[in-house]
$ cat my_file16.cif   # mmCIF, C-alpha atoms
data_query
loop_
_atom_site.label_atom_id
_atom_site.label_comp_id
_atom_site.auth_asym_id
_atom_site.auth_seq_id
_atom_site.Cartn_x
_atom_site.Cartn_y
_atom_site.Cartn_z
CA MET A 1 76.29 123.07 -51.22
CA LEU A 2 78.44 123.03 -48.13
CA ALA A 3 76.66 120.85 -45.56
CA LYS A 4 75.98 121.76 -41.94
CA ARG A 5 78.04 119.41 -39.77
CA ILE A 6 76.82 117.18 -36.94
CA ILE A 7 79.62 116.50 -34.46
CA PRO A 8 79.31 114.01 -31.60
CA CYS A 9 81.72 114.88 -28.80
CA LEU A 10 83.43 112.15 -26.81
CA ASP A 11 85.01 113.03 -23.49
CA VAL A 12 87.79 110.58 -22.72
CA ARG A 13 89.23 109.82 -19.31
CA ASP A 14 91.88 107.17 -18.79
CA GLY A 15 91.07 105.75 -22.24
CA MET A 16 87.29 105.43 -21.75
CA THR A 17 84.53 107.66 -23.14
CA VAL A 18 82.65 109.55 -20.47
CA LYS A 19 80.08 112.31 -20.42
CA GLY A 20 79.98 114.90 -17.69
CA ILE A 21 76.72 116.65 -16.90
CA ASN A 22 77.35 120.31 -16.15
CA PHE A 23 81.07 119.49 -16.09
CA VAL A 24 80.68 117.19 -13.00
CA ASP A 25 79.11 113.83 -12.08
CA ILE A 26 80.85 111.71 -14.69
CA LYS A 27 79.41 108.51 -16.20
CA GLU A 28 81.25 106.04 -18.43
CA VAL A 29 79.67 105.23 -21.78
CA GLY A 30 82.12 103.09 -23.75
CA ASP A 31 85.24 102.48 -25.83
CA PRO A 32 86.18 105.67 -27.72
CA VAL A 33 87.28 103.94 -30.92
CA GLU A 34 84.25 101.66 -31.09
CA LEU A 35 81.85 104.49 -30.33
CA GLY A 36 83.58 106.82 -32.83
CA SER A 37 83.43 104.20 -35.59
CA LYS A 38 79.73 103.66 -34.90
CA TYR A 39 79.10 107.41 -35.23
CA ALA A 40 81.07 107.49 -38.50
CA ARG A 41 78.96 104.62 -39.88
CA ASP A 42 75.80 106.44 -38.75
CA GLY A 43 76.74 109.53 -40.78
CA ALA A 44 78.38 111.82 -38.21
CA ASP A 45 80.39 114.42 -40.14
CA GLU A 46 83.24 114.82 -37.73
CA LEU A 47 84.13 113.83 -34.16
CA VAL A 48 85.63 115.70 -31.25
CA TYR A 49 87.62 113.82 -28.62
CA LEU A 50 88.35 115.69 -25.42
CA ASP A 51 90.91 114.28 -23.01
CA ILE A 52 89.77 115.05 -19.48
CA THR A 53 92.40 112.84 -17.87
CA ALA A 54 93.62 114.62 -14.78
CA SER A 55 97.04 113.11 -14.26
CA HIS A 56 100.02 113.91 -16.43
CA GLU A 57 101.35 110.33 -16.63
CA LYS A 58 98.18 109.06 -18.20
CA ARG A 59 98.33 111.65 -21.01
CA LYS A 60 100.49 109.31 -23.06
CA LEU A 61 97.55 106.90 -23.14
CA PHE A 62 95.69 109.60 -25.03
CA SER A 63 98.20 109.91 -27.88
CA ASP A 64 98.17 106.11 -28.19
CA LEU A 65 94.39 106.31 -28.35
CA VAL A 66 94.57 109.07 -31.00
CA ARG A 67 96.71 106.75 -33.14
CA ARG A 68 94.07 104.00 -32.84
CA ILE A 69 91.28 106.46 -33.65
CA ALA A 70 93.14 107.71 -36.75
CA ALA A 71 93.68 104.14 -37.95
CA HIS A 72 89.97 103.29 -37.67
CA LEU A 73 88.03 106.45 -38.59
CA ASN A 74 87.30 107.48 -42.18
CA ILE A 75 86.00 110.93 -41.22
CA PRO A 76 87.90 113.89 -39.70
CA PHE A 77 88.33 114.24 -35.96
CA SER A 78 89.76 116.79 -33.59
CA VAL A 79 91.35 116.26 -30.20
CA GLY A 80 91.55 118.58 -27.24
CA GLY A 81 92.61 118.63 -23.63
CA GLY A 82 96.12 118.97 -22.27
CA ILE A 83 97.55 120.88 -25.26
CA ASN A 84 99.74 123.46 -23.54
CA GLU A 85 102.55 123.99 -26.00
CA LEU A 86 103.39 123.55 -29.67
CA LYS A 87 105.06 120.22 -28.94
CA ASP A 88 101.79 118.76 -27.60
CA ALA A 89 100.03 119.70 -30.86
CA ASP A 90 102.89 118.18 -32.86
CA VAL A 91 102.57 114.86 -30.99
CA LEU A 92 98.85 114.72 -31.78
CA LEU A 93 99.39 115.64 -35.45
CA SER A 94 101.94 112.84 -35.76
CA ALA A 95 99.49 110.48 -34.07
CA GLY A 96 97.01 111.27 -36.87
CA ALA A 97 94.68 113.96 -35.47
CA ASP A 98 93.14 116.24 -38.13
CA LYS A 99 92.73 119.18 -35.76
CA VAL A 100 93.49 120.13 -32.19
CA SER A 101 91.36 122.30 -29.94
CA VAL A 102 92.88 124.60 -27.35
CA ASN A 103 90.95 126.28 -24.58
CA SER A 104 92.54 127.28 -21.25
CA ALA A 105 96.05 127.12 -22.69
CA ALA A 106 95.15 129.75 -25.30
CA ILE A 107 93.93 132.09 -22.55
CA ARG A 108 97.12 131.59 -20.56
CA ASN A 109 99.32 131.94 -23.64
CA PRO A 110 97.52 133.43 -26.69
CA LEU A 111 100.71 133.06 -28.77
CA LEU A 112 100.09 129.31 -28.76
CA VAL A 113 97.31 129.90 -31.32
CA ASP A 114 99.70 131.80 -33.64
CA GLN A 115 102.33 129.10 -33.23
CA ILE A 116 100.04 126.18 -34.04
CA ALA A 117 98.53 128.05 -37.01
CA GLU A 118 101.96 128.96 -38.39
CA GLY A 119 103.41 125.53 -37.74
CA PHE A 120 100.60 123.34 -39.01
CA GLY A 121 98.05 125.64 -40.68
CA SER A 122 94.88 127.36 -39.49
CA GLN A 123 92.79 124.32 -40.42
CA PHE A 124 94.59 122.44 -37.63
CA VAL A 125 93.62 124.76 -34.75
CA ILE A 126 90.20 125.11 -33.16
CA VAL A 127 89.88 127.53 -30.27
CA ALA A 128 87.31 126.27 -27.77
CA ILE A 129 85.65 128.92 -25.62
CA ASP A 130 83.51 128.18 -22.55
CA ALA A 131 81.47 131.23 -21.66
CA LYS A 132 78.64 132.15 -19.33
CA LEU A 133 76.13 134.97 -19.70
CA GLU A 134 76.11 137.02 -16.51
CA ASN A 135 74.59 140.50 -16.27
CA GLY A 136 74.45 140.82 -20.03
CA ARG A 137 78.10 139.90 -20.59
CA TRP A 138 79.47 136.59 -21.93
CA GLY A 139 82.38 136.00 -19.56
CA VAL A 140 84.98 133.40 -20.49
CA TYR A 141 85.87 130.56 -18.12
CA ILE A 142 88.83 128.18 -18.08
CA ASN A 143 89.71 124.86 -16.47
CA GLY A 144 86.53 123.11 -17.55
CA GLY A 145 84.29 126.01 -16.58
CA ARG A 146 85.67 126.38 -13.07
CA ILE A 147 87.66 129.62 -13.24
CA PRO A 148 86.37 132.93 -14.67
CA VAL A 149 88.88 135.09 -16.55
CA GLU A 150 88.87 138.71 -17.73
CA LYS A 151 88.09 137.90 -21.36
CA GLU A 152 84.75 138.37 -23.04
CA LEU A 153 83.44 135.90 -25.65
CA PHE A 154 83.14 138.12 -28.74
CA SER A 155 86.39 140.04 -28.41
CA TRP A 156 88.32 136.89 -27.49
CA ALA A 157 86.90 135.05 -30.53
CA LYS A 158 87.90 137.98 -32.78
CA GLU A 159 91.37 138.00 -31.27
CA VAL A 160 92.01 134.28 -31.84
CA GLU A 161 90.63 134.55 -35.37
CA SER A 162 93.26 137.19 -36.12
CA ARG A 163 95.88 134.97 -34.49
CA GLY A 164 95.07 132.25 -37.02
CA ALA A 165 92.40 130.03 -35.44
CA GLY A 166 90.61 127.98 -38.11
CA GLU A 167 87.36 127.48 -36.17
CA ILE A 168 85.65 128.54 -32.94
CA LEU A 169 83.97 125.97 -30.71
CA PHE A 170 81.68 127.96 -28.41
CA THR A 171 80.10 126.23 -25.41
CA SER A 172 77.45 128.16 -23.55
CA MET A 173 77.75 127.15 -19.90
CA ASN A 174 74.23 128.47 -19.31
CA HIS A 175 72.88 125.96 -21.82
CA ASP A 176 75.27 123.02 -21.41
CA GLY A 177 73.56 119.99 -19.90
CA THR A 178 70.10 121.61 -19.86
CA LYS A 179 68.79 120.08 -23.10
CA ASN A 180 66.78 123.27 -23.58
CA GLY A 181 68.39 124.31 -26.86
CA PHE A 182 71.55 126.11 -27.99
CA ALA A 183 72.50 129.74 -27.26
CA CYS A 184 71.18 130.82 -30.65
CA ASP A 185 71.30 134.60 -30.19
CA ALA A 186 74.91 134.62 -29.06
CA LEU A 187 75.83 132.08 -31.75
CA ARG A 188 74.27 134.18 -34.47
CA ALA A 189 76.11 137.30 -33.32
CA LEU A 190 79.34 135.32 -33.10
CA SER A 191 78.93 133.70 -36.51
CA GLU A 192 78.14 137.06 -38.14
CA SER A 193 81.13 138.75 -36.54
CA LEU A 194 83.66 136.12 -37.68
CA SER A 195 84.95 134.94 -41.05
CA ILE A 196 85.78 131.44 -39.77
CA PRO A 197 83.34 128.60 -39.01
CA VAL A 198 81.56 128.41 -35.65
CA ILE A 199 80.75 125.13 -33.92
CA ALA A 200 77.81 125.39 -31.51
CA SER A 201 77.93 123.46 -28.25
CA GLY A 202 75.76 123.16 -25.16
CA GLY A 203 72.04 122.63 -24.86
CA ALA A 204 71.10 120.08 -27.54
CA GLY A 205 68.00 118.20 -26.43
CA SER A 206 65.84 117.72 -29.50
CA GLU A 207 65.93 117.63 -33.28
CA GLU A 208 64.28 121.06 -33.35
CA HIS A 209 67.22 122.50 -31.42
CA PHE A 210 69.59 121.49 -34.22
CA ALA A 211 67.33 123.00 -36.90
CA GLU A 212 67.18 126.19 -34.84
CA VAL A 213 70.93 126.45 -34.30
CA PHE A 214 71.60 126.16 -38.04
CA THR A 215 68.90 128.65 -39.08
CA ARG A 216 68.46 131.20 -36.29
CA GLY A 217 71.89 130.51 -34.72
CA LYS A 218 73.74 130.54 -38.09
CA ALA A 219 76.14 127.89 -36.78
CA ASP A 220 78.31 126.00 -39.28
CA ALA A 221 78.35 122.88 -37.15
CA ALA A 222 76.64 121.62 -34.00
CA LEU A 223 78.17 119.49 -31.31
CA ALA A 224 76.48 117.31 -28.73
CA ALA A 225 77.36 114.40 -26.49
CA SER A 226 74.79 112.76 -24.26
CA ILE A 227 71.86 112.74 -26.69
CA PHE A 228 74.05 110.74 -29.08
CA HIS A 229 75.75 108.56 -26.43
CA TYR A 230 72.45 107.48 -24.91
CA ASN A 231 70.90 107.18 -28.38
CA GLU A 232 68.16 109.68 -27.55
CA ILE A 233 68.52 111.11 -31.06
CA PRO A 234 70.30 108.71 -33.44
CA VAL A 235 72.42 110.59 -36.03
CA PRO A 236 70.58 109.15 -39.09
CA GLN A 237 67.21 110.21 -37.66
CA LEU A 238 68.55 113.71 -36.94
CA LYS A 239 69.91 114.05 -40.49
CA GLN A 240 66.58 112.94 -41.93
CA TYR A 241 64.75 115.53 -39.82
CA LEU A 242 67.11 118.32 -40.93
CA ARG A 243 66.73 117.29 -44.58
CA GLU A 244 62.96 117.56 -44.23
CA LYS A 245 63.49 121.07 -42.82
CA GLN A 246 65.44 121.98 -46.01
CA ILE A 247 68.71 122.21 -44.08
CA ASN A 248 71.62 121.01 -46.15
CA VAL A 249 73.22 117.96 -44.52
CA ARG A 250 75.28 115.11 -45.89
CA MET B 1 101.51 96.21 -56.11
CA ASN B 2 104.06 98.75 -54.99
CA ILE B 3 102.50 101.99 -53.74
CA VAL B 4 104.49 104.95 -52.52
CA ILE B 5 103.33 107.98 -50.53
CA ILE B 6 105.70 110.91 -51.02
CA LYS B 7 107.08 112.01 -47.68
CA TYR B 8 107.64 115.66 -46.96
CA ASN B 9 107.85 118.20 -44.20
CA ALA B 10 104.21 119.01 -43.50
CA GLY B 11 100.79 117.61 -43.23
CA ASN B 12 99.01 114.60 -41.95
CA ILE B 13 100.56 112.05 -44.27
CA ARG B 14 99.72 109.16 -41.97
CA SER B 15 95.99 109.51 -42.57
CA VAL B 16 96.42 108.48 -46.22
CA ASP B 17 98.47 105.49 -45.11
CA PHE B 18 95.79 104.56 -42.55
CA ALA B 19 93.07 104.79 -45.23
CA LEU B 20 95.01 102.46 -47.54
CA ARG B 21 95.53 99.98 -44.69
CA ARG B 22 91.80 99.95 -44.00
CA MET B 23 91.45 98.78 -47.62
CA GLY B 24 94.12 96.12 -47.05
CA VAL B 25 96.70 98.00 -49.16
CA GLU B 26 100.28 98.45 -47.92
CA ALA B 27 102.15 101.60 -48.92
CA GLU B 28 105.61 102.95 -48.26
CA ILE B 29 106.10 106.54 -47.10
CA THR B 30 109.35 107.78 -48.60
CA ASP B 31 111.22 110.66 -50.24
CA ASP B 32 113.70 108.31 -51.92
CA GLN B 33 113.81 109.20 -55.64
CA GLN B 34 114.57 105.66 -56.80
CA LYS B 35 111.69 104.16 -54.82
CA ILE B 36 109.27 106.81 -56.08
CA ARG B 37 110.40 106.34 -59.68
CA SER B 38 109.97 102.56 -59.56
CA ALA B 39 106.59 102.51 -57.75
CA ASP B 40 103.44 101.28 -59.51
CA LYS B 41 101.39 104.13 -58.05
CA VAL B 42 102.43 107.35 -56.37
CA ILE B 43 100.36 109.38 -53.91
CA PHE B 44 101.30 113.00 -53.24
CA PRO B 45 99.27 114.09 -50.21
CA GLY B 46 99.33 117.38 -48.47
CA VAL B 47 98.29 119.84 -45.88
CA GLY B 48 100.53 122.83 -45.38
CA ALA B 49 101.83 126.01 -46.93
CA ALA B 50 102.62 126.06 -50.67
CA ALA B 51 105.91 127.98 -50.54
CA ASN B 52 107.48 125.94 -47.74
CA THR B 53 106.47 122.70 -49.34
CA MET B 54 107.78 123.68 -52.80
CA ASP B 55 111.10 124.70 -51.21
CA TYR B 56 111.32 121.34 -49.50
CA LEU B 57 110.50 119.46 -52.70
CA ALA B 58 112.89 121.56 -54.82
CA THR B 59 115.90 121.09 -52.53
CA ARG B 60 115.40 117.32 -52.89
CA GLY B 61 114.71 117.44 -56.64
CA LEU B 62 111.25 115.99 -56.00
CA ASP B 63 109.46 118.72 -58.00
CA GLN B 64 111.22 117.66 -61.22
CA LEU B 65 110.75 114.01 -60.34
CA ILE B 66 106.97 114.29 -59.82
CA ARG B 67 106.58 116.05 -63.16
CA SER B 68 108.48 113.29 -64.95
CA LEU B 69 106.57 110.33 -63.49
CA GLN B 70 104.90 107.97 -65.98
CA GLN B 71 102.83 105.81 -63.59
CA PRO B 72 99.48 106.94 -62.09
CA VAL B 73 100.03 109.81 -59.62
CA LEU B 74 97.37 111.07 -57.19
CA GLY B 75 97.80 114.53 -55.66
CA ILE B 76 95.61 115.30 -52.66
CA CYS B 77 94.59 118.78 -51.41
CA LEU B 78 97.82 120.83 -51.39
CA GLY B 79 99.09 118.05 -53.68
CA GLN B 80 96.56 119.10 -56.35
CA GLN B 81 97.49 122.77 -55.95
CA LEU B 82 101.24 122.10 -56.19
CA MET B 83 100.70 120.11 -59.40
CA CYS B 84 99.39 123.35 -60.98
CA ASP B 85 101.41 126.12 -62.57
CA ARG B 86 101.53 128.83 -59.96
CA SER B 87 99.85 129.54 -56.61
CA GLU B 88 98.73 132.86 -55.18
CA GLU B 89 99.67 131.44 -51.78
CA GLY B 90 103.03 133.15 -51.23
CA ASP B 91 103.22 133.73 -55.04
CA THR B 92 104.73 130.28 -55.48
CA GLN B 93 106.00 128.69 -58.69
CA CYS B 94 104.62 125.14 -58.64
CA ILE B 95 105.30 121.85 -60.44
CA GLY B 96 103.30 122.66 -63.58
CA VAL B 97 101.60 119.38 -64.50
CA PHE B 98 98.31 121.25 -64.89
CA ASP B 99 98.57 124.56 -66.74
CA GLN B 100 96.35 126.35 -64.22
CA PRO B 101 96.67 128.99 -61.52
CA VAL B 102 95.81 128.42 -57.85
CA LEU B 103 93.75 131.34 -56.52
CA LYS B 104 92.67 132.53 -53.09
CA PHE B 105 88.94 132.40 -52.34
CA PRO B 106 87.52 135.93 -52.26
CA PRO B 107 86.09 136.64 -48.78
CA HIS B 108 82.42 136.42 -49.82
CA ASP B 109 81.83 133.61 -47.34
CA LYS B 110 83.76 131.88 -44.58
CA VAL B 111 87.28 130.86 -45.54
CA PRO B 112 88.67 128.18 -45.26
CA HIS B 113 86.05 126.19 -47.14
CA MET B 114 85.76 123.52 -44.47
CA GLY B 115 83.46 120.54 -44.34
CA TRP B 116 81.44 118.26 -46.60
CA ASN B 117 80.46 119.51 -50.04
CA GLN B 118 79.06 117.95 -53.19
CA LEU B 119 80.82 116.70 -56.31
CA LEU B 120 79.40 118.13 -59.53
CA GLU B 121 79.69 116.15 -62.77
CA PRO B 122 82.26 113.63 -61.51
CA ALA B 123 83.79 111.92 -64.56
CA GLY B 124 86.59 109.57 -65.48
CA ALA B 125 88.25 106.53 -63.95
CA LEU B 126 88.65 108.00 -60.45
CA PHE B 127 84.90 108.49 -60.08
CA ARG B 128 83.60 105.16 -61.37
CA GLY B 129 80.61 104.30 -59.14
CA VAL B 130 80.53 107.77 -57.55
CA GLU B 131 77.26 109.63 -58.00
CA GLU B 132 76.58 113.23 -58.92
CA GLY B 133 76.13 115.19 -55.69
CA ALA B 134 78.10 112.77 -53.50
CA TYR B 135 79.62 114.49 -50.46
CA VAL B 136 83.36 114.61 -49.81
CA TYR B 137 85.44 116.43 -47.17
CA PHE B 138 87.25 119.69 -48.01
CA VAL B 139 89.58 121.98 -46.05
CA HIS B 140 91.21 124.70 -48.12
CA SER B 141 91.55 128.46 -48.65
CA TYR B 142 92.91 128.32 -52.23
CA TYR B 143 91.31 126.73 -55.27
CA VAL B 144 91.89 125.78 -58.90
CA PRO B 145 89.24 127.21 -61.28
CA ARG B 146 87.20 124.83 -63.40
CA CYS B 147 89.11 124.08 -66.61
CA ASP B 148 89.65 121.45 -69.34
CA ASP B 149 91.43 119.20 -66.83
CA THR B 150 88.57 119.30 -64.29
CA ALA B 151 87.39 115.76 -63.45
CA ALA B 152 84.78 116.88 -60.91
CA GLY B 153 83.52 120.30 -59.94
CA CYS B 154 82.36 121.81 -56.67
CA ARG B 155 80.66 125.06 -55.75
CA TYR B 156 81.67 127.28 -52.84
CA ILE B 157 81.93 131.05 -53.35
CA CYS B 158 82.67 130.13 -56.99
CA ASP B 159 82.88 127.04 -59.23
CA PHE B 160 86.20 125.27 -58.76
CA SER B 161 87.97 121.99 -59.54
CA ALA B 162 87.20 119.37 -56.88
CA ALA B 163 89.31 116.95 -58.93
CA MET B 164 91.53 117.06 -62.00
CA GLN B 165 93.03 114.64 -64.47
CA LYS B 166 95.56 114.89 -67.28
CA ASP B 167 97.29 111.82 -68.76
CA ASN B 168 98.62 109.77 -65.81
CA PHE B 169 98.13 112.60 -63.30
CA TYR B 170 95.08 112.62 -61.01
CA ALA B 171 94.34 115.10 -58.25
CA THR B 172 91.66 115.90 -55.69
CA GLN B 173 91.16 119.12 -53.75
CA PHE B 174 89.17 117.16 -51.14
CA HIS B 175 90.52 114.50 -48.81
CA PRO B 176 89.40 111.04 -50.00
CA GLU B 177 91.07 109.51 -46.94
CA LYS B 178 88.62 111.45 -44.74
CA SER B 179 85.56 111.23 -46.98
CA GLY B 180 83.85 108.11 -45.63
CA PRO B 181 82.73 105.36 -48.05
CA THR B 182 82.76 107.76 -51.06
CA GLY B 183 86.40 108.60 -50.40
CA GLN B 184 87.29 104.96 -50.02
CA LYS B 185 85.66 104.20 -53.38
CA ILE B 186 87.77 106.93 -55.03
CA LEU B 187 90.98 105.56 -53.49
CA GLU B 188 90.01 102.04 -54.60
CA ASN B 189 89.48 103.36 -58.13
CA PHE B 190 92.95 104.92 -58.09
CA ILE B 191 94.56 101.72 -56.79
CA ALA B 192 92.72 99.72 -59.49
CA LEU B 193 94.02 101.93 -62.38
#

$ encode --input "my_file16.cif" --output "C-alpha cells"
Amino acid sequence: MLAKRIIPCLDVRDGMTVKGINFVDIKEVGDPVELGSKYARDGADELVYLDITASHEKRKLFSDLVRRIAAHLNIPFSVGGGINELKDADVLLSAGADKVSVNSAAIRNPLLVDQIAEGFGSQFVIVAIDAKLENGRWGVYINGGRIPVEKELFSWAKEVESRGAGEILFTSMNHDGTKNGFACDALRALSESLSIPVIASGGAGSEEHFAEVFTRGKADAALAASIFHYNEIPVPQLKQYLREKQINVR
Amino acid sequence: MNIVIIKYNAGNIRSVDFALRRMGVEAEITDDQQKIRSADKVIFPGVGAAANTMDYLATRGLDQLIRSLQQPVLGICLGQQLMCDRSEEGDTQCIGVFDQPVLKFPPHDKVPHMGWNQLLEPAGALFRGVEEGAYVYFVHSYYVPRCDDTAAGCRYICDFSAAMQKDNFYATQFHPEKSGPTGQKILENFIAL
C-alpha cells in the first residue's frame, strides 16, 4: 500500500538550518546536510528545504548547498524559496533537487507553474499555499505570510492543479507554530477536491495530530519542523505510533 | 569496472550518479555510442516525457543501440517504460525490449502515484536480500501491467510491474537511487551482476 509520508521541513538561511516561529523570531538549529542525513537515517520519507535567505547574492550559496544535499541524501527532497522563473527551477534541477516548490512567484505569475510542469514534469513542481481562515474564508498570503492577496485557497489549488502542479503544500497560518494540531477540516476538503497529493503543514504538536491529519484530514503527507528539530517527537517513534494506529507508513 | 549512465535531454540524471558515488562506484554520464557499447554495465535513468525522450534517443541512434546491448542494462522509471513496446503517453513507439504496453493509470485515485510503496514478490538477481513488502520510492502516472517479465509487483489502483527482467535487461519503475537502504541494495545487486 502507498505509505503516508512524514516530511521534516528545514528552513535554510545563509547556509544554516533555522526554524521560524509564526514566521518571525528565528533560531538556528544546525547544518542542513547533517540534519537532513540524520532524518533520512531515522526514516523520514522526504525532506523539504526552504531557502529564506533575504539577499540575492547569497542565493548562489543555496544551489551549492542543494548539490551537497543531493550528493548525501538517499531519499527525495524538494527545495523552495527564491524560484521566480523557469531558469531558477532549472538551476535547482541541475543541482540535483527532486522537486521545487513555488509560492509567491506562482501568485505573481501563474504561468510559471505551467512552464515548470511542461519543462520538467508535474512531479517536479509543488505549489505551496499559505492561507489564513478569516470570516469563514481561507485567504491566501504571500511573502512568507506577510501580504494578503485576492486568491482563495480552494480555487487557487484547483487552478494550479489544472496548470500542472504535481502536489499542493498547504500551510494553515492559523495553525502554524501553535502545536495544537493541523487544519484537518480544510485539509480534508482540499484533498477531496483535488486529484493530486496534498501535504499538510502547520500545527503539528503531538503524535495524535499526525494520526488525525492522515485519517480525518485525508492528507497524503504531513510536514513539520520544530518538533523534529528539537527532537520532541523523533521520527522513528512517530512512525511506530502511526503503525499502531493502523496507518500505513514505511 | 566501467559503468555508463546514458545521458539525455531530461530528468535528474545526477541523482543516479550521486547514489553510485555513495557506494564508492564511479560512473560516466555520456551519450557516446562507442562508450556505451563498450561499458560493463549500462544505466538508463529517466524522468520526463516519453515522446520527447524517444525523439532525442532516435535522432542519436540510441534507441537501436540500447536494444542491441549485450551487457547488463538497468532502466529506471521512464527508462523502464521506454524499454517497452509502446506507451500511451503521447502514443509513443518505444524501444521494444519488453513486449508490453505502457498504460495511463485510470483516475480512481490520485495520479501521479507518488511516494513509498511496497514490492510484491520481488524475485531474481536484482532483489537478492530484498524482502517481500519492502518500501521503495515511486513517482509516475503511467505503468506497465504485470506480465511474464515482471520481477517485482506493486499495487496502486491496479497491479503493475515495479520491476522487470528479460535476458540482460533489468528495469525498475521506482527510483532505487532515492529508495534509502533498500534502493542501495538493489543498485549494489545490479553492479555485482

$ resolve_selection --input "my_file16.cif" --expression "the PyMOL selection byres ((chain A and resi 195) around 12)" --output "PDB file with C-alpha atoms, keeping the file's coordinate frame"
ATOM      1  CA  ALA A 157      86.900 135.050 -30.530  1.00  0.00           C
ATOM      2  CA  LYS A 158      87.900 137.980 -32.780  1.00  0.00           C
ATOM      3  CA  VAL A 160      92.010 134.280 -31.840  1.00  0.00           C
ATOM      4  CA  GLU A 161      90.630 134.550 -35.370  1.00  0.00           C
ATOM      5  CA  SER A 162      93.260 137.190 -36.120  1.00  0.00           C
ATOM      6  CA  GLY A 164      95.070 132.250 -37.020  1.00  0.00           C
ATOM      7  CA  ALA A 165      92.400 130.030 -35.440  1.00  0.00           C
ATOM      8  CA  GLY A 166      90.610 127.980 -38.110  1.00  0.00           C
ATOM      9  CA  GLU A 167      87.360 127.480 -36.170  1.00  0.00           C
ATOM     10  CA  ILE A 168      85.650 128.540 -32.940  1.00  0.00           C
ATOM     11  CA  ALA A 189      76.110 137.300 -33.320  1.00  0.00           C
ATOM     12  CA  LEU A 190      79.340 135.320 -33.100  1.00  0.00           C
ATOM     13  CA  SER A 191      78.930 133.700 -36.510  1.00  0.00           C
ATOM     14  CA  GLU A 192      78.140 137.060 -38.140  1.00  0.00           C
ATOM     15  CA  SER A 193      81.130 138.750 -36.540  1.00  0.00           C
ATOM     16  CA  LEU A 194      83.660 136.120 -37.680  1.00  0.00           C
ATOM     17  CA  ILE A 196      85.780 131.440 -39.770  1.00  0.00           C
ATOM     18  CA  PRO A 197      83.340 128.600 -39.010  1.00  0.00           C
ATOM     19  CA  VAL A 198      81.560 128.410 -35.650  1.00  0.00           C
ATOM     20  CA  ASP A 220      78.310 126.000 -39.280  1.00  0.00           C
TER      21      ASP A 220
ATOM     22  CA  PRO B 106      87.520 135.930 -52.260  1.00  0.00           C
ATOM     23  CA  PRO B 107      86.090 136.640 -48.780  1.00  0.00           C
ATOM     24  CA  HIS B 108      82.420 136.420 -49.820  1.00  0.00           C
ATOM     25  CA  ASP B 109      81.830 133.610 -47.340  1.00  0.00           C
ATOM     26  CA  LYS B 110      83.760 131.880 -44.580  1.00  0.00           C
ATOM     27  CA  VAL B 111      87.280 130.860 -45.540  1.00  0.00           C
ATOM     28  CA  PRO B 112      88.670 128.180 -45.260  1.00  0.00           C
ATOM     29  CA  HIS B 113      86.050 126.190 -47.140  1.00  0.00           C
ATOM     30  CA  MET B 114      85.760 123.520 -44.470  1.00  0.00           C
ATOM     31  CA  SER B 141      91.550 128.460 -48.650  1.00  0.00           C
TER      32      SER B 141
END

$ residues_around --input "my_file16.cif" --residues "B:Tyr135" --least-positions-apart "2" --cutoff "6 Å" --atoms "all atoms listed in the file" --output "PyMOL selection string"
chain B and resi 116-118

$ closest_atom_pairs --input "my_file16.cif" --of "chain A" --to "chain B" --cutoff "9 Å" --atoms "all atoms listed in the file" --output "tab-separated table"
residue	atom	partner	partner_atom	distance
A:Met1	CA	B:Asn117	CA	5.6
A:Leu2	CA	B:Asn117	CA	4.5
A:Ala3	CA	B:Trp116	CA	5.5
A:Lys4	CA	B:Gly115	CA	7.9
A:Arg5	CA	B:Gly115	CA	7.2
A:Ala40	CA	B:Gly180	CA	7.7
A:Arg41	CA	B:Gly180	CA	8.3
A:Gly43	CA	B:Gly180	CA	8.7
A:Asp45	CA	B:Trp116	CA	7.6
A:Glu46	CA	B:Gly115	CA	8.7
A:Ala70	CA	B:Ser15	CA	6.7
A:Ala71	CA	B:Phe18	CA	5.1
A:His72	CA	B:Arg22	CA	7.4
A:Leu73	CA	B:Lys178	CA	7.9
A:Asn74	CA	B:Lys178	CA	4.9
A:Ile75	CA	B:Lys178	CA	4.4
A:Pro76	CA	B:Lys178	CA	5.6
A:Leu93	CA	B:Asn12	CA	6.6
A:Ser94	CA	B:Asn12	CA	7.1
A:Ala95	CA	B:Arg14	CA	8.0
A:Gly96	CA	B:Ser15	CA	6.1
A:Ala97	CA	B:Asn12	CA	7.8
A:Asp98	CA	B:Asn12	CA	7.2
A:Gly119	CA	B:Gly48	CA	8.6
A:Phe120	CA	B:Gly48	CA	6.4
A:Gly121	CA	B:Gly48	CA	6.0
A:Ser122	CA	B:Pro112	CA	8.5
A:Gln123	CA	B:Val139	CA	6.9
A:Gly166	CA	B:Pro112	CA	7.4
A:Leu194	CA	B:Lys110	CA	8.1
A:Ser195	CA	B:Lys110	CA	4.8
A:Ile196	CA	B:Lys110	CA	5.2
A:Pro197	CA	B:Lys110	CA	6.5
A:Val249	CA	B:Trp116	CA	8.5
A:Arg250	CA	B:Tyr135	CA	6.3

$ resolve_selection --input "my_file16.cif" --expression "the PyMOL selection byres ((chain A and resi 63) around 12)" --output "compact mmCIF listing (two decimals) with C-alpha atoms, keeping the file's coordinate frame"
# COMPACT_ATOMS: atom_id res chain seq x y z
CA VAL A 12 87.79 110.58 -22.72
CA ASP A 14 91.88 107.17 -18.79
CA GLY A 15 91.07 105.75 -22.24
CA TYR A 49 87.62 113.82 -28.62
CA LEU A 50 88.35 115.69 -25.42
CA ASP A 51 90.91 114.28 -23.01
CA THR A 53 92.40 112.84 -17.87
CA GLU A 57 101.35 110.33 -16.63
CA LYS A 58 98.18 109.06 -18.20
CA ARG A 59 98.33 111.65 -21.01
CA LYS A 60 100.49 109.31 -23.06
CA LEU A 61 97.55 106.90 -23.14
CA PHE A 62 95.69 109.60 -25.03
CA ASP A 64 98.17 106.11 -28.19
CA LEU A 65 94.39 106.31 -28.35
CA VAL A 66 94.57 109.07 -31.00
CA ARG A 67 96.71 106.75 -33.14
CA ARG A 68 94.07 104.00 -32.84
CA ILE A 69 91.28 106.46 -33.65
CA ALA A 70 93.14 107.71 -36.75
CA VAL A 79 91.35 116.26 -30.20
CA GLY A 80 91.55 118.58 -27.24
CA GLY A 81 92.61 118.63 -23.63
CA GLY A 82 96.12 118.97 -22.27
CA ILE A 83 97.55 120.88 -25.26
CA ASP A 88 101.79 118.76 -27.60
CA ALA A 89 100.03 119.70 -30.86
CA ASP A 90 102.89 118.18 -32.86
CA VAL A 91 102.57 114.86 -30.99
CA LEU A 92 98.85 114.72 -31.78
CA LEU A 93 99.39 115.64 -35.45
CA SER A 94 101.94 112.84 -35.76
CA ALA A 95 99.49 110.48 -34.07
CA GLY A 96 97.01 111.27 -36.87
CA ALA A 97 94.68 113.96 -35.47
